[in-house]
Amino acid sequence: MFTEQEKEALYKCIYMRRDVRTFLPDPVSEETIMKLLDAAHHGPSVGFMQPWNFILVSTDQVKERLAWAADKERRALAIHYEETRQDEFLSLKIEGIKQAPYTICVTCDPTRGGSHVLGRNSIPETDIMSVACAIQNMWLAACAEGLAMGWVSFYKKNDVRDILRIPPHIDPVALLSVGYTDHYPEKPILETANWEKRRGLNDLIFSETWGNSKS
Ligand SMILES: Cc1cc2nc3c(=O)[nH]c(=O)nc-3n(C[C@H](O)[C@H](O)[C@H](O)COP(=O)(O)O)c2cc1C
């Protein structure tokens with residue numbers, strides 16, 4: 001079904017994709033944005049409920065308000081860390097909303113498809129999980145298009161609802177900054193900043209029952 005080259009391209013994209021927070025002001029065409037959204041729209045969703053919407057934000061005025069909401073939350077979260085870790089936390093750049101030409105707010109509508117969406121009765125959060133799958137599709141498509149994307153989740157949902165006039169029953173799942181960058185990281189930024197490192201895969205795999213290591 002896939003040639004070796006096509007398989008390689010897929011894995012290249014998976015390994016290369018990074019969370020990016022530094023963007024160039026270069027414009028991104030609407031055609032390219034539509035390709036990303038179409039990739040998202042082809043993601044899997046529980047009961048095929050497709051609970052997502054996409055709000056495209058490109059004006060400085062709205063981006064500034066979103067950046068304000070993210071910065072307010074970043075400062076509020078700093079209290080969870082002790083002194084040195086707090087300084088480290090505050091020195092991390094956690095968003096590039098104002099720099100990136102586009103911010104896409106991806107939302108989840110838990111009411112879409114009515115009250116009995118196939119498969120959602122057991123695990124209600126499957127609606128949000130579906131939106132996360134759509135976002136990952138979009139992230140990989142952005143990487144393939146040579147674009148950078150950054151996931152911002154530091155905000156109070158009601159701040160984002162107020163700024164983007166989102167109704168109360170709709171969940172703003174993510175703010176995604178999209179643009180070009182001349183700083184595409186090779187490794188996760190948090191790894192380079194010595195905040196966290198990738199765990200060994202073998203330690204995460206169990207055989208037959210929980211805790212029973214594979215080897
Ligand atoms: C659900 C979710 C929320 C995230 N929220 C933020 C965020 O608010 N700010 C940020 O800088 N990065 C955020 N990230 C990006 C992660 O920090 C990043 O994915 C992780 O450090 C691994 O790096 P990589 O994506 O480059 O592999 C988020 C990622 C996910 C999946």
# chains A, B, ... in the order shown; residues from 1 in each chain; ligands from 1
$ residues_near_ligand --ligand "ligand 1" --cutoff "10 Å" --atoms "only C-alpha atoms and all ligand atoms" --output "MDAnalysis selection string"
chainID A and resid 14:21 70 73:74 92:96 132 135:136 139 149:155 173:176 184:192 195:198
$ closest_atom_pairs --of "segment 120-189 of chain A" --to "segment 23-39 of chain A" --cutoff "6 Å" --atoms "only C-alpha atoms" --output "Markdown table"
| residue | atom | partner | partner_atom | distance |
| --- | --- | --- | --- | --- |
| A:Asn137 | CA | A:Ala39 | CA | 5.7 |
| A:Met138 | CA | A:Leu36 | CA | 5.0 |
| A:Ala141 | CA | A:Leu36 | CA | 5.8 |
| A:Gly179 | CA | A:Phe23 | CA | 5.9 |
| A:Tyr180 | CA | A:Leu24 | CA | 5.5 |
| A:Thr181 | CA | A:Phe23 | CA | 4.6 |
$ write_last_selection --atoms "N, CA and C atoms" --output "PDB file, in the first residue's frame"
ATOM      1  N   ASN A 137      -3.311  15.339  13.933  1.00  0.00           N
ATOM      2  CA  ASN A 137      -3.289  15.287  12.464  1.00  0.00           C
ATOM      3  C   ASN A 137      -2.812  16.621  11.893  1.00  0.00           C
ATOM      4  N   MET A 138      -3.342  17.672  12.487  1.00  0.00           N
ATOM      5  CA  MET A 138      -3.032  19.020  12.020  1.00  0.00           C
ATOM      6  C   MET A 138      -1.558  19.359  12.243  1.00  0.00           C
ATOM      7  N   ALA A 141       0.514  17.520   9.731  1.00  0.00           N
ATOM      8  CA  ALA A 141       0.358  18.153   8.417  1.00  0.00           C
ATOM      9  C   ALA A 141       1.157  19.451   8.374  1.00  0.00           C
ATOM     10  N   GLY A 179       2.750  29.226  12.111  1.00  0.00           N
ATOM     11  CA  GLY A 179       3.521  30.154  11.292  1.00  0.00           C
ATOM     12  C   GLY A 179       4.810  29.492  10.837  1.00  0.00           C
ATOM     13  N   TYR A 180       5.645  30.288  10.176  1.00  0.00           N
ATOM     14  CA  TYR A 180       6.968  29.774   9.797  1.00  0.00           C
ATOM     15  C   TYR A 180       7.948  30.124  10.913  1.00  0.00           C
ATOM     16  N   THR A 181       9.046  29.381  10.962  1.00  0.00           N
ATOM     17  CA  THR A 181      10.058  29.681  11.978  1.00  0.00           C
ATOM     18  C   THR A 181      11.449  29.463  11.396  1.00  0.00           C
TER      19      THR A 181
END
$ select_by_dssp --residues "chain A" --states "strand (DSSP E)" --output "number ranges by chain"
A: 52-57, 102-108, 148-152, 171-179
$ closest_residue --among "A:Glu6, A:Ile97, A:Cys133, A:Ile170" --to "Gln61 of chain A" --atoms "only C-alpha atoms"
A:Ile97
$ closest_residue --among "A:Ala69, A:Ala142, A:Met49, A:Cys108" --to "Ile166 of chain A" --atoms "only C-alpha atoms"
A:Cys108
$ select_by_dssp --residues "segment 32-164 of chain A" --states "helix (DSSP H, G or I)" --output "ChimeraX atom specification"
/A:32-41,46-48,60-80,83-91,126-144,157-164
$ atom_distance --atom1 "atom CA of Cys105 of chain A" --atom2 "atom CA of Phe54 of chain A"
5.7 Å
$ closest_residue --among "A:Ser45, A:Asn121, A:Thr59, A:Thr3" --to "Thr103 of chain A" --atoms "only C-alpha atoms"
A:Thr59
$ closest_residue --among "A:Gly114, A:Arg165, A:Lys214, A:Ile128" --to "Leu201 of chain A" --atoms "only C-alpha atoms"
A:Lys214
$ atom_distance --atom1 "atom CA of Ser177 of chain A" --atom2 "atom CA of Gln99 of chain A"
8.6 Å
$ closest_residue --among "A:Val160, A:Ala40, A:Leu10, A:Ala100" --to "Trp68 of chain A" --atoms "only C-alpha atoms"
A:Val160
$ closest_residue --among "A:Met129, A:Ala148, A:Val62, A:Val46" --to "Gly113 of chain A" --atoms "only C-alpha atoms"
A:Val46
$ atom_distance --atom1 "atom CA of Tyr11 of chain A" --atom2 "atom CA of Pro172 of chain A"
29.7 Å
